[in-house]
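Written below as structure tokens is the structure these notes are about.
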Amino acid sequence: MRISVIGCGYLGAVHAAAMAELGHDVVGIDVDPLKVDSLAQGIAPFFEPELPELLARGLDAGNLTFSSSMAEARGATVHFIAVGTPQRADGSSNLSYVDAAVDQLLTVLAAGDVVVGKSTVPVGTVAALAPRIEAAGATLIWNPEFLREGHAVRDTLAPDRLVYGIGAGDNRSADVLDDVYAALLEAGVPRMVTDPATAELVKVAANAFLATKISFINAMADIADAVGADVGQLADAIGQDPRIGRRFLNAGLGFGGGCLPKDIRGFIARADELGVGASFGFLREVDAINLRRRERLVEVTRAALGGDLVGRRIAILGLAFKPGSDDVRDSPALDVATRLRAEGAHVVATDPQAIETSRRLVPELEYRSNVAATVTGADAVLVLTEWPEFVELDPAVLGRIVGRHLGEQIVIDGRNCLDPALWRDGGWRYYALGRISDPAPAGMNVAQLA
Ligand code: UDX
């Protein structure tokens with residue numbers, strides 16, 4: 001099947017390469033010629049495991065091309081819209097890229113084509129856009145994408161589910177999409193057909209639920225700190241209940257990235273517009289709890305260092321919003337690094353993948369290419385992204401590189417990813433959010449700061 005994918009950002013680039021992997025003849029289209037050139041050479045413009053191999057296979061086989069000209073989409077029978085929907089200043093979703101994609105598509109659409117939206121959009125978008133597409137004799141349906149960064153290829157080729165949001169009376173579009181995803185369906189991927197509004201809501205509801213789980217456990221971390229309890233054990237115990245589940249209950253610095261923060265804000269804004277904002281007060285609090293984690297980590301660092309950050313050397317391990325990614329959009333780690341620097345600390349940071357992306361956003365931070373250069377002489381080491389190479393660090397070896405006396409080494413575990421006993425045995429004072437921390441020198445317990 002000939003397919004076009006409009007928008008070659010995270011979602012679109014992966015989707016185009018994955019559709020080629022399924023054997024379709026795919027053209028990826030983007031307005032940014034630099035992105036197009038890079039993808040056409042098989043170079044992913046961002047770090048995503050398995051994507052380079054997928055691109056190479058499609059480009060070598062000749063069934064994957066990239067172009068900055070919408071004319072190349074002519075002749076495709078299925079057109080995926082995968083452009084970004086960034087956040088506006090008021091929190092609502094900016095649909096200007098979706099609108100522009102539709103405007104451009106209208107110049108090449110043929111009767112019978114199926115336009116398939118994948119971007120995360122406010123509920124009601126299909127209803128607003130469909131008449132223009134139908135006037136061209138084509139149909140518009142929505143097929144939300146649930147991919148996670150770092151697992152994007154697998155999430156696209158082996159998703160938990162496929163959701164088709166299709167208008168009443170449109171009996172053909174589901175068959176067309178079934179042909180596109182035939183290999184996935186044969187492999188047993190569950191597929192649901194809904195109306196377009198439900199499909200639009202599935203995506204934002206899923207992200208809102210995940211964000212709520214994270215903020216729930218982070219609220220529990222605050223109370224654990226207040227009483228000296230352990231939020232990790234709490235999560236393990238409540239997670240045993242299959243109705244609750246253990247996943248997405250890791251307390252720490254909270255969520256960031258290009259999706260969860262913006263999607264919940266867009267959802268709140270849309271609920272307000274629709275007159276049901278009163279039921280979404282909890283989601284505002286989910287956002288607020290999440291943002292407070294960052295300030296809380298700064299407080300813990302200050303307390304661990306005896307109350308003053310000015311001139312203290314702080315080593316930051318991890319800048320990406322999560323491991324397996326070079327993405328620092330709304331990254332809690334980069335935010336904490338910036339806040340500590342603003343408070344007068346001497347911040348030095350490293351990350352296995354996200355130094356260049358961080359430098360673009362925060363050029364004034366000091367970056368180092370490896371852990372040793374980052375931690376030498378540090379007054380405190382902060383682990384803010386749980387990359388395996390940081391989780392597996394040997395506390396004794398790291399202590400020798402830091403070069404402070406035993407008992408003066410401070411580690412702050414922003415992701416509850418280190419083994420406190422191991423680090424204490426290695427001579428470190430261990431601090432975390434929601435786990436029993438070592439008393440600060442003045443006998444001040446982190447819990448008492450809350
Ligand atoms: C998310 C959704 O998972 C995905 O389905 C959707 O399509 C896009 O948004 P992604 O942004 O790639 O994917 O990251 P995800 O793995 O969901 O993590 C989001 C954030 O939550 C990260 O900052 C992560 O560190 C944080 N997180 C996750 C926690 O703080 N605790 C957890 O228990 C899990």
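Chain labels A, B, ... are given in the sequence in which chains occur in the structure tokens; within each chain residues are numbered consecutively from 1, and ligands are likewise numbered from 1 in the order shown.
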Write down as a list in words the residues of segment 130-230 of chain A whose backbone DSSP state falls under strand (DSSP E).
->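 Answer for segment 130-230 of chain A restricted to strand (DSSP E) is Thr139, Leu140, Ile141, Trp142, Leu162, Val163, Tyr164, Gly165, Arg191, Met192, Val193 and Thr194 of chain A.
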Within 7 Å of ligand 1, which residues of chain A come that close, and what is the closest atom pair and distance in Å for each? Count only C-alpha atoms and all ligand atoms and give it as a tab-separated table.
residue	atom	partner	partner_atom_place_in_ligand_line	distance
A:Glu145	CA	ligand 1	7 (O)	5.9
A:Phe146	CA	ligand 1	7 (O)	3.4
A:Leu147	CA	ligand 1	7 (O)	4.2
A:Arg148	CA	ligand 1	12 (O)	3.4
A:Glu149	CA	ligand 1	12 (O)	3.6
A:Gly150	CA	ligand 1	12 (O)	6.7
A:Asn207	CA	ligand 1	2 (C)	5.9
A:Ile214	CA	ligand 1	31 (N)	5.2
A:Arg247	CA	ligand 1	33 (O)	6.0
A:Phe248	CA	ligand 1	33 (O)	3.1
A:Leu249	CA	ligand 1	33 (O)	4.1
A:Asn250	CA	ligand 1	33 (O)	3.5
A:Ala251	CA	ligand 1	31 (N)	5.7
A:Gly252	CA	ligand 1	30 (O)	6.0
A:Leu253	CA	ligand 1	30 (O)	6.1
A:Gly254	CA	ligand 1	30 (O)	3.8
A:Phe255	CA	ligand 1	21 (O)	3.5
A:Gly256	CA	ligand 1	23 (O)	4.0
A:Gly257	CA	ligand 1	11 (O)	5.1
A:Gly258	CA	ligand 1	11 (O)	5.9
A:Cys259	CA	ligand 1	9 (O)	4.5
A:Leu260	CA	ligand 1	9 (O)	5.1
A:Phe321	CA	ligand 1	23 (O)	4.6
A:Lys322	CA	ligand 1	25 (O)	4.4
A:Ser331	CA	ligand 1	23 (O)	6.8
Write out as a list in words which residues come within 9 Å of Ala197 of chain A when counting only C-alpha atoms, dropping same-chain ones fewer than 4 positions away.
-> Val123, Gly124, Thr125, Val126, Ala127, Trp142, Gly165, Ile166, Leu201 and Val202 of chain A
So, counting only C-alpha atoms, which residue among A:Asp425, A:Asp327, A:Asp113, A:Asp60 is closest to Val78 of chain A?
-> A:Asp113
Residue with smallest distance to Leu433 of chain A - pool A:Glu386, A:Asp413, A:Glu364, A:Glu134, counting only C-alpha atoms |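 Smallest distance to Leu433 of chain A is found for A:Asp413.
Checking A:Ala128, A:Leu105, A:Ala20, A:Ile401 one by one against Gly7 of chain A, counting only C-alpha atoms, you find the shortest gap at A:Leu105.
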Residue contacts of Ala82 of chain A (9 Å, only C-alpha atoms) excluding same-chain residues fewer than 5 positions away, as number ranges by chain = A: 5-13, 15, 98, 116-120
Please measure the separation of atom CA of Leu274 of chain A and atom CA of Gly167 of chain A, giving the value in Å to one decimal.
->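 Atom CA of Gly167 of chain A lies at a distance of 20.8 Å from atom CA of Leu274 of chain A.
With atom CA of Arg404 of chain A on one side and atom CA of Arg429 of chain A on the other, the separation reads 11.9 Å.
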Report as CSV: every residue of segment 59-151 of chain A with an atom at most 7 Å from segment 28-44 of chain A, its closest pair of atoms, and their distance in Å to one decimal, counting only C-alpha atoms, with rows sorted by chain and ascending residue number.
residue,atom,partner,partner_atom,distance
A:Thr65,CA,A:Gly28,CA,6.3
A:Phe66,CA,A:Gly28,CA,4.6
A:Ser67,CA,A:Ile29,CA,5.0
A:Ser68,CA,A:Asp30,CA,5.1
A:Ser69,CA,A:Ile29,CA,6.7
A:Met70,CA,A:Ile29,CA,6.6
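For the residues A:Gly324, A:Gly266, A:Leu22, A:Val153, ranking by smallest atom-to-atom distance to Leu185 of chain A using only C-alpha atoms places A:Leu22 first.
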Counting only C-alpha atoms, what is within 10 Å of Val227 of chain A, bar same-chain residues fewer than 2 positions away, as a PDB file with N, CA, C and O atoms, in the first residue's frame?
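Written output follows (out-v1.pdb):
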ATOM      1  N   ASP A 222       5.775  12.410  49.964  1.00  0.00           N
ATOM      2  CA  ASP A 222       5.810  13.542  50.899  1.00  0.00           C
ATOM      3  C   ASP A 222       5.400  13.094  52.294  1.00  0.00           C
ATOM      4  O   ASP A 222       6.003  13.484  53.290  1.00  0.00           O
ATOM      5  N   ILE A 223       4.356  12.283  52.367  1.00  0.00           N
ATOM      6  CA  ILE A 223       3.900  11.864  53.700  1.00  0.00           C
ATOM      7  C   ILE A 223       4.898  10.858  54.288  1.00  0.00           C
ATOM      8  O   ILE A 223       5.149  10.853  55.498  1.00  0.00           O
ATOM      9  N   ALA A 224       5.513  10.054  53.425  1.00  0.00           N
ATOM     10  CA  ALA A 224       6.542   9.122  53.917  1.00  0.00           C
ATOM     11  C   ALA A 224       7.701   9.917  54.540  1.00  0.00           C
ATOM     12  O   ALA A 224       8.197   9.563  55.614  1.00  0.00           O
ATOM     13  N   ASP A 225       8.094  11.008  53.877  1.00  0.00           N
ATOM     14  CA  ASP A 225       9.165  11.855  54.427  1.00  0.00           C
ATOM     15  C   ASP A 225       8.761  12.449  55.775  1.00  0.00           C
ATOM     16  O   ASP A 225       9.585  12.593  56.676  1.00  0.00           O
ATOM     17  N   ALA A 229       8.683   7.026  56.724  1.00  0.00           N
ATOM     18  CA  ALA A 229       8.305   5.763  56.071  1.00  0.00           C
ATOM     19  C   ALA A 229       9.030   5.650  54.722  1.00  0.00           C
ATOM     20  O   ALA A 229       9.748   6.571  54.319  1.00  0.00           O
ATOM     21  N   ASP A 230       8.842   4.528  54.047  1.00  0.00           N
ATOM     22  CA  ASP A 230       9.556   4.267  52.795  1.00  0.00           C
ATOM     23  C   ASP A 230       8.564   4.100  51.650  1.00  0.00           C
ATOM     24  O   ASP A 230       7.809   3.125  51.601  1.00  0.00           O
ATOM     25  N   GLY A 434      11.050  10.546  49.812  1.00  0.00           N
ATOM     26  CA  GLY A 434      10.119   9.499  50.225  1.00  0.00           C
ATOM     27  C   GLY A 434      10.779   8.239  50.748  1.00  0.00           C
ATOM     28  O   GLY A 434      10.128   7.210  50.889  1.00  0.00           O
ATOM     29  N   ILE A 436      13.837   6.928  53.770  1.00  0.00           N
ATOM     30  CA  ILE A 436      14.539   7.430  54.951  1.00  0.00           C
ATOM     31  C   ILE A 436      15.924   7.939  54.545  1.00  0.00           C
ATOM     32  O   ILE A 436      16.716   7.219  53.945  1.00  0.00           O
ATOM     33  N   ALA A 447      12.975  14.990  56.726  1.00  0.00           N
ATOM     34  CA  ALA A 447      11.525  14.932  56.931  1.00  0.00           C
ATOM     35  C   ALA A 447      11.011  16.210  57.593  1.00  0.00           C
ATOM     36  O   ALA A 447       9.910  16.668  57.306  1.00  0.00           O
ATOM     37  N   GLN A 448      11.827  16.804  58.449  1.00  0.00           N
ATOM     38  CA  GLN A 448      11.357  17.963  59.191  1.00  0.00           C
ATOM     39  C   GLN A 448      11.296  19.228  58.348  1.00  0.00           C
ATOM     40  O   GLN A 448      10.805  20.253  58.783  1.00  0.00           O
TER      41      GLN A 448
END
Excluding segment 276-289 of chain A and any residue of its chain fewer than 2 positions from it, enumerate the residues within 8 Å of it, using only C-alpha atoms, and give them as a ChimeraX atom specification.
-> /A:208,211-212,215-216,218-219,261,264-265,268-269,271-274,291-293
Please write the residues from the selection above to a file, keeping N, CA and C atoms, as an mmCIF file, in the first residue's frame.
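The new file again_11.cif reads:
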data_model
loop_
_atom_site.group_PDB
_atom_site.id
_atom_site.type_symbol
_atom_site.label_atom_id
_atom_site.label_comp_id
_atom_site.auth_asym_id
_atom_site.auth_seq_id
_atom_site.Cartn_x
_atom_site.Cartn_y
_atom_site.Cartn_z
ATOM 1 N N ALA A 208 -3.393 11.032 31.092
ATOM 2 C CA ALA A 208 -3.834 11.648 32.356
ATOM 3 C C ALA A 208 -3.793 10.613 33.478
ATOM 4 N N ALA A 211 -0.132 9.990 34.461
ATOM 5 C CA ALA A 211 0.381 11.140 35.224
ATOM 6 C C ALA A 211 -0.188 11.129 36.639
ATOM 7 N N THR A 212 -1.452 10.744 36.748
ATOM 8 C CA THR A 212 -2.098 10.706 38.066
ATOM 9 C C THR A 212 -1.441 9.658 38.952
ATOM 10 N N SER A 215 1.853 11.160 40.198
ATOM 11 C CA SER A 215 1.689 12.197 41.230
ATOM 12 C C SER A 215 1.100 11.615 42.504
ATOM 13 N N PHE A 216 0.267 10.597 42.388
ATOM 14 C CA PHE A 216 -0.268 9.933 43.579
ATOM 15 C C PHE A 216 0.878 9.397 44.432
ATOM 16 N N ASN A 218 3.946 10.240 44.347
ATOM 17 C CA ASN A 218 4.813 11.312 44.832
ATOM 18 C C ASN A 218 4.183 12.048 46.020
ATOM 19 N N ALA A 219 2.863 12.132 46.050
ATOM 20 C CA ALA A 219 2.205 12.681 47.244
ATOM 21 C C ALA A 219 2.458 11.755 48.435
ATOM 22 N N PRO A 261 3.296 16.154 30.422
ATOM 23 C CA PRO A 261 2.970 17.486 30.958
ATOM 24 C C PRO A 261 2.047 18.278 30.032
ATOM 25 N N ILE A 264 -1.651 16.719 29.703
ATOM 26 C CA ILE A 264 -2.633 16.936 30.775
ATOM 27 C C ILE A 264 -3.080 18.402 30.797
ATOM 28 N N ARG A 265 -2.165 19.310 30.453
ATOM 29 C CA ARG A 265 -2.583 20.732 30.424
ATOM 30 C C ARG A 265 -3.572 20.978 29.287
ATOM 31 N N ILE A 268 -6.938 19.654 30.413
ATOM 32 C CA ILE A 268 -7.615 20.552 31.360
ATOM 33 C C ILE A 268 -8.238 21.726 30.590
ATOM 34 N N ALA A 269 -7.461 22.289 29.657
ATOM 35 C CA ALA A 269 -7.957 23.446 28.902
ATOM 36 C C ALA A 269 -9.203 23.062 28.100
ATOM 37 N N ALA A 271 -11.290 20.562 28.759
ATOM 38 C CA ALA A 271 -12.402 20.304 29.682
ATOM 39 C C ALA A 271 -13.033 21.630 30.112
ATOM 40 N N ASP A 272 -12.205 22.656 30.335
ATOM 41 C CA ASP A 272 -12.736 23.979 30.691
ATOM 42 C C ASP A 272 -13.620 24.508 29.573
ATOM 43 N N GLU A 273 -13.099 24.405 28.334
ATOM 44 C CA GLU A 273 -13.874 24.899 27.178
ATOM 45 C C GLU A 273 -15.219 24.203 27.071
ATOM 46 N N LEU A 274 -15.219 22.924 27.410
ATOM 47 C CA LEU A 274 -16.447 22.127 27.263
ATOM 48 C C LEU A 274 -17.367 22.262 28.470
ATOM 49 N N LEU A 291 5.254 19.382 39.673
ATOM 50 C CA LEU A 291 6.217 20.493 39.600
ATOM 51 C C LEU A 291 6.871 20.748 40.958
ATOM 52 N N ARG A 292 6.139 20.484 42.042
ATOM 53 C CA ARG A 292 6.721 20.691 43.387
ATOM 54 C C ARG A 292 7.869 19.730 43.676
ATOM 55 N N ARG A 293 7.936 18.589 42.978
ATOM 56 C CA ARG A 293 9.026 17.633 43.216
ATOM 57 C C ARG A 293 10.379 18.286 42.994
#
What is the atom CA of Arg294 of chain A to atom CA of Ser358 of chain A distance in Å?
->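 One can read the atom CA of Arg294 of chain A to atom CA of Ser358 of chain A distance as 17.0 Å.
In terms of minimum interatomic distance to Arg172 of chain A, A:Ile141 ranks closest within A:Ile141, A:Ala17, A:Ala76, A:Ala221, counting only C-alpha atoms.
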